[in-house]
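query-v1.pdb follows (PDB, C-alpha atoms and all ligand atoms):
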```
ATOM      1  CA  MET A   1     -18.188 -42.093 -72.933
ATOM      2  CA  PRO A   2     -14.615 -42.761 -71.620
ATOM      3  CA  ARG A   3     -14.142 -42.083 -67.912
ATOM      4  CA  ALA A   4     -12.408 -38.772 -67.063
ATOM      5  CA  LEU A   5      -9.098 -39.045 -65.175
ATOM      6  CA  VAL A   6     -10.713 -37.811 -61.954
ATOM      7  CA  GLU A   7     -14.388 -38.330 -61.093
ATOM      8  CA  GLY A   8     -16.365 -37.753 -57.897
ATOM      9  CA  THR A   9     -15.678 -41.391 -56.977
ATOM     10  CA  THR A  10     -11.929 -41.367 -57.647
ATOM     11  CA  ARG A  11      -9.692 -42.677 -54.871
ATOM     12  CA  VAL A  12      -6.447 -40.827 -54.134
ATOM     13  CA  VAL A  13      -2.982 -42.309 -53.592
ATOM     14  CA  GLY A  14       0.230 -40.268 -53.512
ATOM     15  CA  ILE A  15       3.905 -39.937 -52.782
ATOM     16  CA  LEU A  16       5.247 -37.881 -49.869
ATOM     17  CA  GLY A  17       8.799 -36.594 -50.013
ATOM     18  CA  ASN A  18      11.061 -33.708 -50.880
ATOM     19  CA  PRO A  19      11.894 -33.392 -53.698
ATOM     20  CA  VAL A  20       9.214 -35.330 -55.581
ATOM     21  CA  ASP A  21       9.235 -33.569 -58.932
ATOM     22  CA  HIS A  22      11.592 -36.121 -60.548
ATOM     23  CA  SER A  23       9.735 -39.130 -59.150
ATOM     24  CA  LEU A  24       8.631 -41.732 -61.698
ATOM     25  CA  SER A  25       6.052 -43.150 -59.250
ATOM     26  CA  PRO A  26       3.073 -41.017 -60.440
ATOM     27  CA  ARG A  27       3.677 -42.016 -64.060
ATOM     28  CA  MET A  28       4.131 -45.676 -63.115
ATOM     29  CA  HIS A  29       1.087 -46.007 -60.826
ATOM     30  CA  ASN A  30      -1.246 -43.961 -63.039
ATOM     31  CA  ALA A  31      -0.274 -46.140 -66.037
ATOM     32  CA  ALA A  32      -1.129 -49.212 -63.947
ATOM     33  CA  TYR A  33      -4.536 -47.786 -62.894
ATOM     34  CA  ALA A  34      -5.343 -46.961 -66.523
ATOM     35  CA  ALA A  35      -4.339 -50.453 -67.683
ATOM     36  CA  LEU A  36      -6.707 -52.087 -65.166
ATOM     37  CA  ASP A  37      -9.368 -49.351 -65.540
ATOM     38  CA  LEU A  38      -9.215 -48.605 -61.794
ATOM     39  CA  ASP A  39     -10.849 -45.425 -60.494
ATOM     40  CA  TYR A  40      -7.664 -44.244 -58.750
ATOM     41  CA  VAL A  41      -5.278 -41.318 -59.198
ATOM     42  CA  TYR A  42      -1.690 -41.041 -57.921
ATOM     43  CA  VAL A  43      -0.464 -37.565 -56.983
ATOM     44  CA  PRO A  44       2.941 -36.153 -55.889
ATOM     45  CA  PHE A  45       2.926 -34.269 -52.548
ATOM     46  CA  ARG A  46       6.043 -32.262 -51.673
ATOM     47  CA  ALA A  47       6.093 -32.299 -47.873
ATOM     48  CA  MET A  48       8.172 -30.105 -45.573
ATOM     49  CA  PRO A  49       9.566 -31.506 -42.291
ATOM     50  CA  ALA A  50       7.044 -29.427 -40.338
ATOM     51  CA  THR A  51       4.120 -30.802 -42.369
ATOM     52  CA  ILE A  52       4.909 -34.502 -42.564
ATOM     53  CA  ARG A  53       2.945 -35.346 -39.393
ATOM     54  CA  GLY A  54      -0.093 -33.475 -40.720
ATOM     55  CA  ALA A  55       0.243 -35.189 -44.092
ATOM     56  CA  VAL A  56       0.071 -38.645 -42.475
ATOM     57  CA  ARG A  57      -2.934 -37.560 -40.356
ATOM     58  CA  ALA A  58      -4.635 -36.264 -43.514
ATOM     59  CA  MET A  59      -5.021 -39.834 -44.709
ATOM     60  CA  ASN A  60      -7.893 -40.352 -42.294
ATOM     61  CA  THR A  61      -9.191 -36.770 -42.515
ATOM     62  CA  LEU A  62      -9.369 -36.763 -46.299
ATOM     63  CA  GLY A  63      -9.878 -40.477 -46.942
ATOM     64  CA  ILE A  64      -6.615 -40.870 -48.849
ATOM     65  CA  VAL A  65      -5.973 -44.551 -49.633
ATOM     66  CA  GLY A  66      -2.227 -44.506 -49.052
ATOM     67  CA  PHE A  67       1.137 -42.902 -49.668
ATOM     68  CA  ASN A  68       4.527 -43.980 -50.770
ATOM     69  CA  VAL A  69       7.136 -42.270 -48.639
ATOM     70  CA  THR A  70      10.481 -41.235 -50.026
ATOM     71  CA  VAL A  71      13.600 -39.225 -49.098
ATOM     72  CA  PRO A  72      13.982 -37.802 -46.462
ATOM     73  CA  TYR A  73      11.021 -39.137 -44.449
ATOM     74  CA  LYS A  74      11.299 -42.938 -44.485
ATOM     75  CA  GLN A  75      12.593 -43.075 -40.911
ATOM     76  CA  ASP A  76      10.491 -40.171 -39.547
ATOM     77  CA  VAL A  77       7.258 -41.874 -40.615
ATOM     78  CA  VAL A  78       8.023 -44.921 -38.437
ATOM     79  CA  LYS A  79       6.927 -42.869 -35.411
ATOM     80  CA  LEU A  80       3.852 -41.386 -37.099
ATOM     81  CA  VAL A  81       1.891 -44.526 -37.965
ATOM     82  CA  ASN A  82      -0.360 -46.575 -35.665
ATOM     83  CA  ARG A  83       1.247 -49.860 -36.560
ATOM     84  CA  LEU A  84       4.234 -51.274 -38.473
ATOM     85  CA  THR A  85       4.321 -54.464 -40.510
ATOM     86  CA  PRO A  86       6.988 -56.935 -39.275
ATOM     87  CA  THR A  87       9.123 -56.057 -42.335
ATOM     88  CA  ALA A  88       9.018 -52.309 -41.665
ATOM     89  CA  ALA A  89       9.806 -52.941 -37.989
ATOM     90  CA  ALA A  90      12.804 -55.139 -38.902
ATOM     91  CA  ILE A  91      14.141 -52.583 -41.400
ATOM     92  CA  GLY A  92      13.387 -49.540 -39.235
ATOM     93  CA  ALA A  93      12.034 -47.530 -42.180
ATOM     94  CA  VAL A  94       8.695 -47.107 -43.959
ATOM     95  CA  ASN A  95       8.174 -46.512 -47.676
ATOM     96  CA  THR A  96       4.452 -47.339 -47.951
ATOM     97  CA  ILE A  97       1.565 -46.353 -45.694
ATOM     98  CA  TYR A  98      -2.054 -47.378 -46.044
ATOM     99  CA  ARG A  99      -5.226 -47.476 -43.956
ATOM    100  CA  GLU A 100      -6.743 -50.494 -42.288
ATOM    101  CA  GLY A 101      -9.948 -49.294 -40.629
ATOM    102  CA  SER A 102      -8.911 -46.146 -38.803
ATOM    103  CA  ASP A 103      -5.324 -47.391 -38.367
ATOM    104  CA  VAL A 104      -2.497 -46.076 -40.520
ATOM    105  CA  VAL A 105      -0.132 -48.987 -41.215
ATOM    106  CA  GLY A 106       3.540 -48.485 -42.140
ATOM    107  CA  ASP A 107       5.126 -51.054 -44.440
ATOM    108  CA  ASN A 108       8.421 -51.339 -46.284
ATOM    109  CA  THR A 109       8.301 -52.729 -49.833
ATOM    110  CA  ASP A 110      11.877 -51.701 -50.767
ATOM    111  CA  ALA A 111      13.359 -54.996 -49.579
ATOM    112  CA  ALA A 112      10.853 -57.036 -51.614
ATOM    113  CA  GLY A 113      11.450 -54.740 -54.599
ATOM    114  CA  PHE A 114      15.204 -55.255 -54.349
ATOM    115  CA  SER A 115      14.886 -59.066 -54.159
ATOM    116  CA  GLU A 116      12.338 -59.313 -56.973
ATOM    117  CA  ALA A 117      14.382 -57.068 -59.301
ATOM    118  CA  LEU A 118      17.310 -59.460 -58.913
ATOM    119  CA  ARG A 119      15.218 -62.640 -59.027
ATOM    120  CA  SER A 120      13.560 -61.522 -62.270
ATOM    121  CA  HIS A 121      17.049 -61.186 -63.776
ATOM    122  CA  GLY A 122      18.142 -64.641 -62.682
ATOM    123  CA  VAL A 123      20.278 -63.476 -59.715
ATOM    124  CA  LYS A 124      19.946 -65.704 -56.651
ATOM    125  CA  LEU A 125      20.478 -64.244 -53.195
ATOM    126  CA  ARG A 126      21.009 -67.602 -51.507
ATOM    127  CA  GLY A 127      24.739 -68.029 -50.928
ATOM    128  CA  ALA A 128      25.581 -64.765 -52.739
ATOM    129  CA  HIS A 129      28.775 -62.923 -51.774
ATOM    130  CA  VAL A 130      27.751 -59.303 -51.683
ATOM    131  CA  LEU A 131      29.406 -55.908 -51.403
ATOM    132  CA  VAL A 132      26.980 -53.157 -50.382
ATOM    133  CA  ILE A 133      28.312 -49.613 -50.813
ATOM    134  CA  GLY A 134      26.575 -47.090 -48.536
ATOM    135  CA  ALA A 135      24.960 -47.525 -45.120
ATOM    136  CA  GLY A 136      21.947 -45.193 -45.230
ATOM    137  CA  GLY A 137      18.201 -45.848 -45.181
ATOM    138  CA  SER A 138      18.046 -47.884 -48.384
ATOM    139  CA  ALA A 139      21.025 -50.019 -47.311
ATOM    140  CA  ARG A 140      18.888 -51.141 -44.340
ATOM    141  CA  ALA A 141      16.262 -52.544 -46.729
ATOM    142  CA  VAL A 142      18.977 -54.188 -48.857
ATOM    143  CA  LEU A 143      20.604 -55.829 -45.816
ATOM    144  CA  HIS A 144      17.219 -57.095 -44.640
ATOM    145  CA  ALA A 145      16.536 -58.594 -48.084
ATOM    146  CA  LEU A 146      19.974 -60.222 -48.170
ATOM    147  CA  ARG A 147      19.448 -61.744 -44.728
ATOM    148  CA  GLU A 148      15.956 -63.011 -45.636
ATOM    149  CA  GLY A 149      17.260 -64.345 -48.954
ATOM    150  CA  GLY A 150      20.084 -66.324 -47.304
ATOM    151  CA  ALA A 151      23.043 -64.395 -48.747
ATOM    152  CA  GLY A 152      26.430 -65.964 -47.991
ATOM    153  CA  ASP A 153      28.626 -63.168 -46.756
ATOM    154  CA  VAL A 154      27.913 -59.465 -46.884
ATOM    155  CA  VAL A 155      30.526 -56.703 -46.755
ATOM    156  CA  LEU A 156      29.255 -53.205 -46.054
ATOM    157  CA  ALA A 157      31.484 -50.322 -47.225
ATOM    158  CA  ASN A 158      30.760 -46.785 -46.115
ATOM    159  CA  ARG A 159      32.417 -43.359 -45.892
ATOM    160  CA  THR A 160      31.530 -43.142 -42.190
ATOM    161  CA  VAL A 161      32.820 -46.477 -40.937
ATOM    162  CA  LEU A 162      31.119 -46.067 -37.569
ATOM    163  CA  THR A 163      27.689 -46.031 -39.283
ATOM    164  CA  ALA A 164      28.633 -49.136 -41.257
ATOM    165  CA  ARG A 165      29.759 -50.890 -38.066
ATOM    166  CA  ARG A 166      26.467 -50.184 -36.326
ATOM    167  CA  LEU A 167      24.439 -51.471 -39.260
ATOM    168  CA  ALA A 168      26.746 -54.438 -39.836
ATOM    169  CA  ARG A 169      26.252 -55.541 -36.236
ATOM    170  CA  GLU A 170      22.484 -55.478 -36.686
ATOM    171  CA  PHE A 171      22.507 -57.460 -39.943
ATOM    172  CA  ALA A 172      25.512 -59.775 -39.417
ATOM    173  CA  ALA A 173      27.659 -58.126 -42.102
ATOM    174  CA  THR A 174      31.314 -57.004 -42.122
ATOM    175  CA  ALA A 175      31.946 -53.250 -42.033
ATOM    176  CA  VAL A 176      34.783 -51.660 -44.027
ATOM    177  CA  GLY A 177      35.796 -48.218 -45.308
ATOM    178  CA  LEU A 178      35.540 -47.099 -48.931
ATOM    179  CA  ASP A 179      39.193 -48.056 -49.567
ATOM    180  CA  ALA A 180      37.817 -51.633 -49.847
ATOM    181  CA  LEU A 181      36.564 -50.672 -53.321
ATOM    182  CA  GLU A 182      40.169 -50.992 -54.524
ATOM    183  CA  HIS A 183      40.800 -54.255 -52.668
ATOM    184  CA  GLU A 184      41.181 -56.746 -55.510
ATOM    185  CA  ALA A 185      41.056 -59.928 -53.403
ATOM    186  CA  LEU A 186      37.773 -58.827 -51.814
ATOM    187  CA  LEU A 187      36.295 -57.835 -55.182
ATOM    188  CA  ALA A 188      37.349 -61.140 -56.795
ATOM    189  CA  SER A 189      35.115 -63.029 -54.340
ATOM    190  CA  ARG A 190      31.921 -60.982 -54.943
ATOM    191  CA  THR A 191      28.909 -62.203 -56.956
ATOM    192  CA  LEU A 192      26.820 -59.050 -56.417
ATOM    193  CA  VAL A 193      27.799 -55.402 -55.839
ATOM    194  CA  VAL A 194      25.108 -52.924 -54.775
ATOM    195  CA  ASN A 195      25.492 -49.156 -54.789
ATOM    196  CA  SER A 196      23.201 -47.479 -52.266
ATOM    197  CA  THR A 197      24.828 -44.028 -52.352
ATOM    198  CA  PRO A 198      23.983 -41.011 -54.511
ATOM    199  CA  ILE A 199      27.683 -40.432 -55.356
ATOM    200  CA  GLY A 200      28.226 -38.768 -58.742
ATOM    201  CA  LEU A 201      24.535 -38.192 -59.489
ATOM    202  CA  GLU A 202      24.909 -34.421 -59.263
ATOM    203  CA  GLY A 203      27.954 -34.520 -61.539
ATOM    204  CA  GLY A 204      31.521 -35.543 -60.727
ATOM    205  CA  ALA A 205      33.007 -38.991 -60.663
ATOM    206  CA  TYR A 206      32.225 -42.140 -58.694
ATOM    207  CA  LEU A 207      34.779 -43.523 -56.224
ATOM    208  CA  ASP A 208      37.953 -45.411 -57.191
ATOM    209  CA  TYR A 209      36.167 -48.690 -57.728
ATOM    210  CA  ARG A 210      37.906 -51.560 -59.576
ATOM    211  CA  ALA A 211      34.912 -53.202 -61.229
ATOM    212  CA  ALA A 212      37.224 -55.272 -63.453
ATOM    213  CA  ALA A 213      38.509 -57.116 -60.366
ATOM    214  CA  THR A 214      35.062 -58.708 -59.811
ATOM    215  CA  PRO A 215      34.233 -62.027 -61.531
ATOM    216  CA  LYS A 216      32.829 -61.697 -65.080
ATOM    217  CA  GLY A 217      29.214 -62.503 -64.142
ATOM    218  CA  CYS A 218      29.153 -60.310 -61.017
ATOM    219  CA  MET A 219      25.884 -58.331 -61.103
ATOM    220  CA  HIS A 220      26.146 -54.596 -60.424
ATOM    221  CA  PHE A 221      22.943 -53.094 -59.055
ATOM    222  CA  ASP A 222      22.624 -49.342 -58.513
ATOM    223  CA  LEU A 223      19.600 -48.346 -56.431
ATOM    224  CA  ALA A 224      19.807 -44.912 -58.032
ATOM    225  CA  TYR A 225      18.689 -44.091 -61.554
ATOM    226  CA  GLY A 226      18.989 -41.073 -63.776
ATOM    227  CA  ARG A 227      18.616 -40.027 -67.394
ATOM    228  CA  GLY A 228      21.480 -42.164 -68.656
ATOM    229  CA  LEU A 229      23.771 -44.641 -66.938
ATOM    230  CA  THR A 230      24.652 -43.730 -63.355
ATOM    231  CA  PRO A 231      28.399 -43.153 -62.728
ATOM    232  CA  PHE A 232      28.594 -46.457 -60.803
ATOM    233  CA  LEU A 233      26.965 -48.439 -63.610
ATOM    234  CA  ALA A 234      29.103 -46.681 -66.232
ATOM    235  CA  LEU A 235      32.201 -48.076 -64.455
ATOM    236  CA  ALA A 236      30.662 -51.552 -64.270
ATOM    237  CA  GLN A 237      29.584 -51.512 -67.912
ATOM    238  CA  ARG A 238      33.045 -50.377 -69.027
ATOM    239  CA  ALA A 239      34.418 -53.461 -67.262
ATOM    240  CA  GLY A 240      31.854 -55.621 -69.113
ATOM    241  CA  ARG A 241      29.863 -56.574 -66.009
ATOM    242  CA  PRO A 242      26.052 -57.085 -66.003
ATOM    243  CA  ILE A 243      24.129 -54.085 -64.664
ATOM    244  CA  LEU A 244      20.703 -53.116 -63.295
ATOM    245  CA  ASP A 245      19.552 -49.634 -62.351
ATOM    246  CA  GLY A 246      17.185 -48.462 -59.618
ATOM    247  CA  ARG A 247      14.129 -48.377 -61.891
ATOM    248  CA  HIS A 248      13.912 -52.160 -61.525
ATOM    249  CA  MET A 249      13.667 -51.831 -57.747
ATOM    250  CA  LEU A 250      11.276 -48.897 -58.132
ATOM    251  CA  VAL A 251       8.876 -50.997 -60.223
ATOM    252  CA  HIS A 252       8.944 -54.040 -57.964
ATOM    253  CA  GLN A 253       8.578 -52.108 -54.704
ATOM    254  CA  GLY A 254       5.791 -50.192 -56.445
ATOM    255  CA  ALA A 255       4.085 -53.446 -57.468
ATOM    256  CA  VAL A 256       3.872 -54.580 -53.832
ATOM    257  CA  ALA A 257       2.589 -51.132 -52.780
ATOM    258  CA  PHE A 258       0.018 -51.221 -55.608
ATOM    259  CA  ARG A 259      -1.441 -54.389 -54.133
ATOM    260  CA  ARG A 260      -1.668 -52.781 -50.669
ATOM    261  CA  PHE A 261      -3.453 -49.739 -52.150
ATOM    262  CA  THR A 262      -5.856 -51.478 -54.545
ATOM    263  CA  GLY A 263      -6.076 -55.121 -53.448
ATOM    264  CA  ARG A 264      -5.226 -56.057 -57.051
ATOM    265  CA  LYS A 265      -2.171 -57.725 -58.550
ATOM    266  CA  ALA A 266      -0.013 -55.075 -60.200
ATOM    267  CA  PRO A 267       0.427 -55.084 -63.987
ATOM    268  CA  VAL A 268       4.225 -55.223 -63.726
ATOM    269  CA  ASP A 269       4.868 -55.106 -67.477
ATOM    270  CA  VAL A 270       2.842 -51.886 -67.767
ATOM    271  CA  MET A 271       4.834 -50.399 -64.879
ATOM    272  CA  LEU A 272       8.159 -51.448 -66.430
ATOM    273  CA  GLU A 273       7.181 -49.820 -69.719
ATOM    274  CA  ALA A 274       6.022 -46.651 -67.948
ATOM    275  CA  VAL A 275       9.544 -46.119 -66.558
ATOM    276  CA  GLY A 276      11.248 -46.942 -69.847
ATOM    277  CA  LEU A 277      12.141 -50.617 -69.248
ATOM    278  CA  ALA A 278      11.364 -53.609 -71.437
ATOM    279  CA  PRO A 279       8.487 -55.793 -70.197
ATOM    280  CA  ALA A 280       9.726 -58.963 -68.516
ATOM    281  CA  ALA A 281       7.798 -61.295 -70.866
ATOM    282  CA  ARG A 282       9.593 -59.977 -73.947
ATOM    283  CA  LYS A 283      12.986 -60.201 -72.253
ATOM    284  CA  ARG A 284      12.802 -63.986 -71.845
TER     285      ARG A 284
HETATM  286  P1  LIG B 301      20.819 -41.943 -47.300
HETATM  287  O1  LIG B 301      20.090 -42.573 -46.179
HETATM  288  O2  LIG B 301      21.011 -40.463 -47.314
HETATM  289  O3  LIG B 301      22.297 -42.633 -47.340
HETATM  290  C1  LIG B 301      23.279 -42.198 -48.245
HETATM  291  C2  LIG B 301      24.540 -43.060 -48.152
HETATM  292  O4  LIG B 301      25.435 -42.582 -49.148
HETATM  293  C3  LIG B 301      25.269 -42.966 -46.812
HETATM  294  O5  LIG B 301      25.855 -44.218 -46.543
HETATM  295  C4  LIG B 301      26.364 -41.911 -47.087
HETATM  296  O6  LIG B 301      27.536 -42.117 -46.334
HETATM  297  C5  LIG B 301      26.682 -42.185 -48.547
HETATM  298  N1  LIG B 301      27.173 -40.981 -49.239
HETATM  299  C6  LIG B 301      26.451 -39.903 -49.600
HETATM  300  N2  LIG B 301      27.233 -39.009 -50.241
HETATM  301  C7  LIG B 301      28.492 -39.551 -50.262
HETATM  302  C8  LIG B 301      29.746 -39.111 -50.781
HETATM  303  N3  LIG B 301      29.879 -37.949 -51.421
HETATM  304  N4  LIG B 301      30.829 -39.922 -50.641
HETATM  305  C9  LIG B 301      30.711 -41.118 -50.013
HETATM  306  N5  LIG B 301      29.546 -41.589 -49.495
HETATM  307  C10 LIG B 301      28.456 -40.823 -49.625
HETATM  308  O7  LIG B 301      20.188 -42.294 -48.709
HETATM  309  P2  LIG B 301      19.268 -43.570 -49.092
HETATM  310  O8  LIG B 301      17.861 -43.310 -48.746
HETATM  311  O9  LIG B 301      19.935 -44.805 -48.587
HETATM  312  O10 LIG B 301      19.343 -43.527 -50.700
HETATM  313  C11 LIG B 301      20.549 -43.825 -51.384
HETATM  314  C12 LIG B 301      20.288 -43.875 -52.901
HETATM  315  O11 LIG B 301      19.405 -44.946 -53.218
HETATM  316  C13 LIG B 301      19.644 -42.593 -53.446
HETATM  317  O12 LIG B 301      20.233 -42.306 -54.701
HETATM  318  C14 LIG B 301      18.181 -43.000 -53.610
HETATM  319  O13 LIG B 301      17.541 -42.257 -54.621
HETATM  320  C15 LIG B 301      18.314 -44.457 -54.007
HETATM  321  N6  LIG B 301      17.104 -45.272 -53.705
HETATM  322  C16 LIG B 301      16.428 -45.866 -54.733
HETATM  323  C17 LIG B 301      15.310 -46.651 -54.484
HETATM  324  C18 LIG B 301      14.586 -47.307 -55.632
HETATM  325  O14 LIG B 301      13.439 -47.729 -55.494
HETATM  326  N7  LIG B 301      15.228 -47.423 -56.773
HETATM  327  C19 LIG B 301      14.847 -46.827 -53.179
HETATM  328  C20 LIG B 301      15.554 -46.220 -52.144
HETATM  329  C21 LIG B 301      16.683 -45.435 -52.410
HETATM  330  P3  LIG B 301      27.735 -41.510 -44.832
HETATM  331  O15 LIG B 301      27.089 -42.508 -43.896
HETATM  332  O16 LIG B 301      29.212 -41.443 -44.675
HETATM  333  O17 LIG B 301      27.066 -40.163 -44.830
END
```
Let me see the file written as structure tokens.
Amino acid sequence: MPRALVEGTTRVVGILGNPVDHSLSPRMHNAAYAALDLDYVYVPFRAMPATIRGAVRAMNTLGIVGFNVTVPYKQDVVKLVNRLTPTAAAIGAVNTIYREGSDVVGDNTDAAGFSEALRSHGVKLRGAHVLVIGAGGSARAVLHALREGGAGDVVLANRTVLTARRLAREFAATAVGLDALEHEALLASRTLVVNSTPIGLEGGAYLDYRAAATPKGCMHFDLAYGRGLTPFLALAQRAGRPILDGRHMLVHQGAVAFRRFTGRKAPVDVMLEAVGLAPAARKR
């Protein structure tokens, strides 16, 4: 008899955030559990600011294996765990929590997910000349990954230049305003452009960004994803530049989290397929 989705022995993992109803994580993790026949289930939990502390405590109370943490709680959760991994401490944000004994450990797998998404598409971080647009929580993980990966020079463009300056100081980048997106000399020297803003996702246009001024092979990576092309990637594609959307980062950060939750190596191809991407093996 095939095992039911949830049995008395089933272990629970979830995602905490608000909103969570559009998250692809449940689909991706549940597909991975099914592929490896693991007795786990992954559930979305919409958490309110007043309940986030209780939700983290519930891990021990209810024996929940772990949570992914998403917008807007990645920074709040830093203060709610017993211990941070060195990566989460360096980034200052948590996107994965799990139990070790009675301790709740906060980790950040976004930086690893970012690096692996690029590596698996042949993009090297070492010596890369990067423009990062946006200076919020996810930009912190990107800047950490770029530093760890040995990126050459990193320019950080943000609407609020003061925020960019603060972050740039921490991660040895150069802070600029969004007018830099029309600066052709700067764009001509980039090998990688990363969008870490949600601009245009709710409708409306992206910024005045001259994608055609970047070199032909300059990779454009949008951390966001939607039904079709994001406005940022639509601009890049129109200019004939290579593109990657946020599902690639989602899968690779999820693969690292999967290992923390289950102790098993993640079936990455299954996870790619679950979010509508071609498995890596067939791409080569
Ligand atoms: P966040 O902390 O809220 O930061 C948002 C950034 O976007 C800030 O720098 C903000 O600038 C800028 N911004 C927002 N609206 C803007 C506008 N209308 N014009 C100009 N700048 C604007 O958000 P986050 O957590 O970094 O997330 C950013 C995006 O990455 C989201 O779309 C999120 O879904 C995505 N993401 C994807 C993954 C993945 O696994 N694929 C992981 C993490 C995040 P100010 O500083 O001026 O406010």
Quiz item: Evaluating the PyMOL selection byres (((not hetatm)) within 9 of (chain B and resi 301)) on the displayed file yields which residues, as an MDAnalysis selection string?
Solution: chainID A and resid 70:72 74 95 110 113:114 133:141 157:164 178 195:201 206:207 222:225 245:254
Practice problem: Counting all atoms listed in the file, write as a VMD selection string all protein and nucleic acid residues lying at most 12 Å from (-5.5, -43.8, -53.3) in the file's frame. | Solution: chain A and resid 6 9 to 15 26 29 to 30 33 38 to 44 59 to 60 62 to 68 96 to 99 257 to 263
Quiz item: Nearest to Arg210 (chain A): which of A:Thr230, A:Arg166, A:Arg238, A:Val94 is it, counting all atoms listed in the file?
Solution: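 Under the stated criterion, the closest residue is A:Arg238.
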Quiz item: Exactly which residues make up the result of the PyMOL selection byres (((chain A and resi 175) around 7) and not hetatm) on this file, given as a ChimeraX atom specification?
Solution: /A:155-157,161,164-165,168,173-174,176
Quiz item: Residues picked by the PyMOL selection byres (((chain A and resi 88) around 12) and not hetatm) here, as a PyMOL selection string?
Solution: chain A and resi 74-75+77-79+81+83-87+89-97+105-112+137+140-141+144-145
Just the selected residues (C-alpha atoms), exported as a PDB file, in the frame of the given file, please.
```pdb
ATOM      1  CA  LYS A  74      11.299 -42.938 -44.485  1.00  0.00           C
ATOM      2  CA  GLN A  75      12.593 -43.075 -40.911  1.00  0.00           C
ATOM      3  CA  VAL A  77       7.258 -41.874 -40.615  1.00  0.00           C
ATOM      4  CA  VAL A  78       8.023 -44.921 -38.437  1.00  0.00           C
ATOM      5  CA  LYS A  79       6.927 -42.869 -35.411  1.00  0.00           C
ATOM      6  CA  VAL A  81       1.891 -44.526 -37.965  1.00  0.00           C
ATOM      7  CA  ARG A  83       1.247 -49.860 -36.560  1.00  0.00           C
ATOM      8  CA  LEU A  84       4.234 -51.274 -38.473  1.00  0.00           C
ATOM      9  CA  THR A  85       4.321 -54.464 -40.510  1.00  0.00           C
ATOM     10  CA  PRO A  86       6.988 -56.935 -39.275  1.00  0.00           C
ATOM     11  CA  THR A  87       9.123 -56.057 -42.335  1.00  0.00           C
ATOM     12  CA  ALA A  89       9.806 -52.941 -37.989  1.00  0.00           C
ATOM     13  CA  ALA A  90      12.804 -55.139 -38.902  1.00  0.00           C
ATOM     14  CA  ILE A  91      14.141 -52.583 -41.400  1.00  0.00           C
ATOM     15  CA  GLY A  92      13.387 -49.540 -39.235  1.00  0.00           C
ATOM     16  CA  ALA A  93      12.034 -47.530 -42.180  1.00  0.00           C
ATOM     17  CA  VAL A  94       8.695 -47.107 -43.959  1.00  0.00           C
ATOM     18  CA  ASN A  95       8.174 -46.512 -47.676  1.00  0.00           C
ATOM     19  CA  THR A  96       4.452 -47.339 -47.951  1.00  0.00           C
ATOM     20  CA  ILE A  97       1.565 -46.353 -45.694  1.00  0.00           C
ATOM     21  CA  VAL A 105      -0.132 -48.987 -41.215  1.00  0.00           C
ATOM     22  CA  GLY A 106       3.540 -48.485 -42.140  1.00  0.00           C
ATOM     23  CA  ASP A 107       5.126 -51.054 -44.440  1.00  0.00           C
ATOM     24  CA  ASN A 108       8.421 -51.339 -46.284  1.00  0.00           C
ATOM     25  CA  THR A 109       8.301 -52.729 -49.833  1.00  0.00           C
ATOM     26  CA  ASP A 110      11.877 -51.701 -50.767  1.00  0.00           C
ATOM     27  CA  ALA A 111      13.359 -54.996 -49.579  1.00  0.00           C
ATOM     28  CA  ALA A 112      10.853 -57.036 -51.614  1.00  0.00           C
ATOM     29  CA  GLY A 137      18.201 -45.848 -45.181  1.00  0.00           C
ATOM     30  CA  ARG A 140      18.888 -51.141 -44.340  1.00  0.00           C
ATOM     31  CA  ALA A 141      16.262 -52.544 -46.729  1.00  0.00           C
ATOM     32  CA  HIS A 144      17.219 -57.095 -44.640  1.00  0.00           C
ATOM     33  CA  ALA A 145      16.536 -58.594 -48.084  1.00  0.00           C
TER      34      ALA A 145
END
```
As lines of an AutoDock Vina configuration file: centre and edge lengths in Å, one decimal, of the axis-aligned box holding region 268-277 of chain A with 5 Å per side:
```
center_x = 7.5
center_y = -50.7
center_z = -66.8
size_x = 19.3
size_y = 19.1
size_z = 16.1
```
Quiz item: Taking all atoms listed in the file into account, which of A:Pro2, A:Val193, A:Met28, A:Ser23 comes nearest Ala274 (chain A)?
Solution: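 That would be A:Met28, the residue with the smallest distance to Ala274 (chain A).
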Self-check item: Using all atoms listed in the file: which of A:Ala34, A:Ala236, A:Val194, A:Leu131 has the shortest distance to Leu5 (chain A)
Solution: A:Ala34
Self-check item: Who sits within 10 Å of Lys124 (chain A), only C-alpha atoms, same chain under 2 positions skipped, as a ChimeraX atom specification
Solution: /A:115-116,118-122,126-128,149-151,191-192
Quiz item: So what do you get for CA of Phe45 (chain A) versus CA of Gly17 (chain A), distance-wise?
Solution: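 Between CA of Phe45 (chain A) and CA of Gly17 (chain A) the gap is 6.8 Å.
Counting all atoms listed in the file, Arg241 (chain A) has the following residues at most 8 Å away, ignoring those fewer than 3 positions along the same chain: Ala211, Ala212, Lys216, Gly217, Cys218, Met219, His220, Ala236, Gln237 and Arg238 of chain A.
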Exercise. Record the distance separating CA of Ala255 (chain A) and CA of Leu16 (chain A), expressed in Å with one decimal.
Key: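 Spanning CA of Ala255 (chain A) to CA of Leu16 (chain A) is a straight-line distance of 17.4 Å.
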Quiz prompt | Pairwise distance for CA of Leu233 (chain A) and CA of Thr214 (chain A), rounded to one decimal in Å | solution = 13.6 Å
Quiz item: Within 6 Å of (9.1, -31.2, -50.0), in the coordinates the file gives, what residues turn up when you count all atoms listed in the file, written out as a list in words?
Solution: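 These residues have at least one counted atom within 6 Å: Gly17, Asn18, Pro19, Arg46, Ala47 and Met48 of chain A.
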Grab the residues selected above and save them as a short mmCIF file (atom, residue, chain, number, x, y, z; two decimals), keeping the file's coordinate frame with C-alpha atoms.
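After the write, part_35.cif holds the following:
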```cif
data_model
loop_
_atom_site.label_atom_id
_atom_site.label_comp_id
_atom_site.auth_asym_id
_atom_site.auth_seq_id
_atom_site.Cartn_x
_atom_site.Cartn_y
_atom_site.Cartn_z
CA GLY A 17 8.80 -36.59 -50.01
CA ASN A 18 11.06 -33.71 -50.88
CA PRO A 19 11.89 -33.39 -53.70
CA ARG A 46 6.04 -32.26 -51.67
CA ALA A 47 6.09 -32.30 -47.87
CA MET A 48 8.17 -30.10 -45.57
#
```
